[in-house]
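What follows is one structure encoded as C-alpha cells, with my remarks underneath.
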Amino acid sequence: MELDVTDDASAKAAVDKIVKAEGRIDVLVNNAGNGIAGPAYAMPVDKAKQQFEVNFFGVVRMCSTVIPEMLKNNSGIVVNISSLAGLFGLPYQSMYVASKYAVEGYSESMRMELKKPASK
C-alpha cells in the first residue's frame with residue numbers, strides 16, 4: 001500500500017483502506033524519517049521545513065488520522081520512532097535533532113492525554 005506521510009489525503013486513504021478491509025486498526029508505527037546535514041546557521045529554511053514535514057508533521061498527521069479510529073474501539077497502540085538525537089544535540093544535524101526533539105515532546109504529551117485512568 002502506498003502512503004505519503006506528508007500528504008493528508010494519502011494518510012486518510014491508507015487508513016480508510018485498512019479500516020474497510022480489517023474493520024479496525026490496532027497498531028500505528030511511525031517510522032518514516034529523513035535527515036539532512038550541515039551547519040545550523042547555513043541551513044536553508046525550506047530544507048528545514050522538509051525535514052520537519054516528514055519527521056515531525058508526518059507523525060502528527062498519522063496520529064491524527066489513526067487515533068480517532070482507535071478511540072472508537074477503545075484500544076490501540078501507537079509507537080513513535082524517535083532517536084537518541086531527540087535527547088541531545090549533535091553538530092551538523094541541527095534540523096534532524098530539532099525534529100526528533102519535537103517527536104519526543106509530542107509523544108510525551110500524547111501519552112498523558114491518552115492514558116487510561118487506573119482501575120479501582
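Each chain of the C-alpha cells is named A, B, ... in the order shown, its residues numbered from 1; ligands are numbered from 1 in display order.
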Item to check | In chain A, DSSP alpha helix (DSSP H) residues written as a PyMOL selection string | outcome: chain A and resi 8-22+45-55+57-73+94-114
Could you write those residues out with C-alpha atoms, as an mmCIF file, in the first residue's frame?
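Dumped to selection_35.cif:
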data_model
loop_
_atom_site.group_PDB
_atom_site.id
_atom_site.type_symbol
_atom_site.label_atom_id
_atom_site.label_comp_id
_atom_site.auth_asym_id
_atom_site.auth_seq_id
_atom_site.Cartn_x
_atom_site.Cartn_y
_atom_site.Cartn_z
ATOM 1 C CA ASP A 8 -3.243 14.425 4.313
ATOM 2 C CA ALA A 9 -5.214 12.722 1.534
ATOM 3 C CA SER A 10 -2.691 9.890 1.259
ATOM 4 C CA ALA A 11 -2.781 9.270 5.020
ATOM 5 C CA LYS A 12 -6.579 9.250 5.104
ATOM 6 C CA ALA A 13 -6.846 6.969 2.060
ATOM 7 C CA ALA A 14 -4.439 4.431 3.574
ATOM 8 C CA VAL A 15 -6.193 4.377 6.940
ATOM 9 C CA ASP A 16 -9.635 4.163 5.306
ATOM 10 C CA LYS A 17 -8.446 1.233 3.199
ATOM 11 C CA ILE A 18 -7.171 -0.638 6.258
ATOM 12 C CA VAL A 19 -10.327 0.015 8.276
ATOM 13 C CA LYS A 20 -12.503 -1.069 5.346
ATOM 14 C CA ALA A 21 -10.546 -4.297 4.874
ATOM 15 C CA GLU A 22 -9.991 -5.178 8.539
ATOM 16 C CA VAL A 45 14.569 27.269 5.825
ATOM 17 C CA ASP A 46 12.937 25.296 3.014
ATOM 18 C CA LYS A 47 15.232 22.320 3.789
ATOM 19 C CA ALA A 48 14.383 22.604 7.489
ATOM 20 C CA LYS A 49 10.669 22.615 6.639
ATOM 21 C CA GLN A 50 11.087 19.471 4.513
ATOM 22 C CA GLN A 51 12.855 17.770 7.420
ATOM 23 C CA PHE A 52 10.049 18.629 9.824
ATOM 24 C CA GLU A 53 7.313 17.738 7.318
ATOM 25 C CA VAL A 54 8.456 14.108 7.304
ATOM 26 C CA ASN A 55 9.994 13.608 10.744
ATOM 27 C CA PHE A 57 4.402 16.535 10.958
ATOM 28 C CA GLY A 58 4.267 13.042 9.432
ATOM 29 C CA VAL A 59 3.931 11.661 12.968
ATOM 30 C CA VAL A 60 1.276 14.255 13.834
ATOM 31 C CA ARG A 61 -0.615 13.585 10.591
ATOM 32 C CA MET A 62 -0.667 9.825 11.069
ATOM 33 C CA CYS A 63 -1.641 10.045 14.743
ATOM 34 C CA SER A 64 -4.432 12.496 13.919
ATOM 35 C CA THR A 65 -5.701 10.114 11.259
ATOM 36 C CA VAL A 66 -5.384 6.815 13.144
ATOM 37 C CA ILE A 67 -6.097 7.622 16.796
ATOM 38 C CA PRO A 68 -9.770 8.577 16.255
ATOM 39 C CA GLU A 69 -10.258 5.090 14.766
ATOM 40 C CA MET A 70 -8.550 3.541 17.790
ATOM 41 C CA LEU A 71 -10.682 5.560 20.183
ATOM 42 C CA LYS A 72 -13.835 4.184 18.522
ATOM 43 C CA ASN A 73 -12.656 0.706 19.579
ATOM 44 C CA SER A 94 20.504 20.534 13.899
ATOM 45 C CA MET A 95 17.320 20.065 11.888
ATOM 46 C CA TYR A 96 17.232 16.303 12.405
ATOM 47 C CA VAL A 97 17.834 16.798 16.128
ATOM 48 C CA ALA A 98 15.160 19.500 16.358
ATOM 49 C CA SER A 99 12.600 17.334 14.548
ATOM 50 C CA LYS A 100 13.305 14.400 16.871
ATOM 51 C CA TYR A 101 13.107 16.619 19.980
ATOM 52 C CA ALA A 102 9.674 17.643 18.676
ATOM 53 C CA VAL A 103 8.641 13.980 18.322
ATOM 54 C CA GLU A 104 9.760 13.324 21.901
ATOM 55 C CA GLY A 105 7.711 16.211 23.306
ATOM 56 C CA TYR A 106 4.663 15.393 21.190
ATOM 57 C CA SER A 107 4.804 11.718 22.189
ATOM 58 C CA GLU A 108 5.148 12.510 25.895
ATOM 59 C CA SER A 109 2.196 14.910 25.803
ATOM 60 C CA MET A 110 0.059 12.489 23.800
ATOM 61 C CA ARG A 111 0.893 9.657 26.221
ATOM 62 C CA MET A 112 -0.533 11.718 29.079
ATOM 63 C CA GLU A 113 -3.616 12.747 27.093
ATOM 64 C CA LEU A 114 -4.473 9.186 26.085
#
Next on the checklist: My list of candidates is A:Val78, A:Ala42, A:Ala32, A:Leu90. Which is closest to A:Leu3 when distances are computed with only C-alpha atoms?
Outcome noted: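 That would be A:Ala32, the residue with the smallest distance to A:Leu3.
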Among stretch 34-79 of chain A, which ones does DSSP place in strand (DSSP E or B), written as a PDB file with C-alpha atoms, in the first residue's frame?
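File produced: out_20.pdb:
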ATOM      1  CA  GLY A  38      25.090  20.950   7.534  1.00  0.00           C
ATOM      2  CA  ILE A  77      -1.050   1.072  20.331  1.00  0.00           C
ATOM      3  CA  VAL A  78       0.973   3.924  18.851  1.00  0.00           C
ATOM      4  CA  VAL A  79       4.745   3.596  18.526  1.00  0.00           C
TER       5      VAL A  79
END
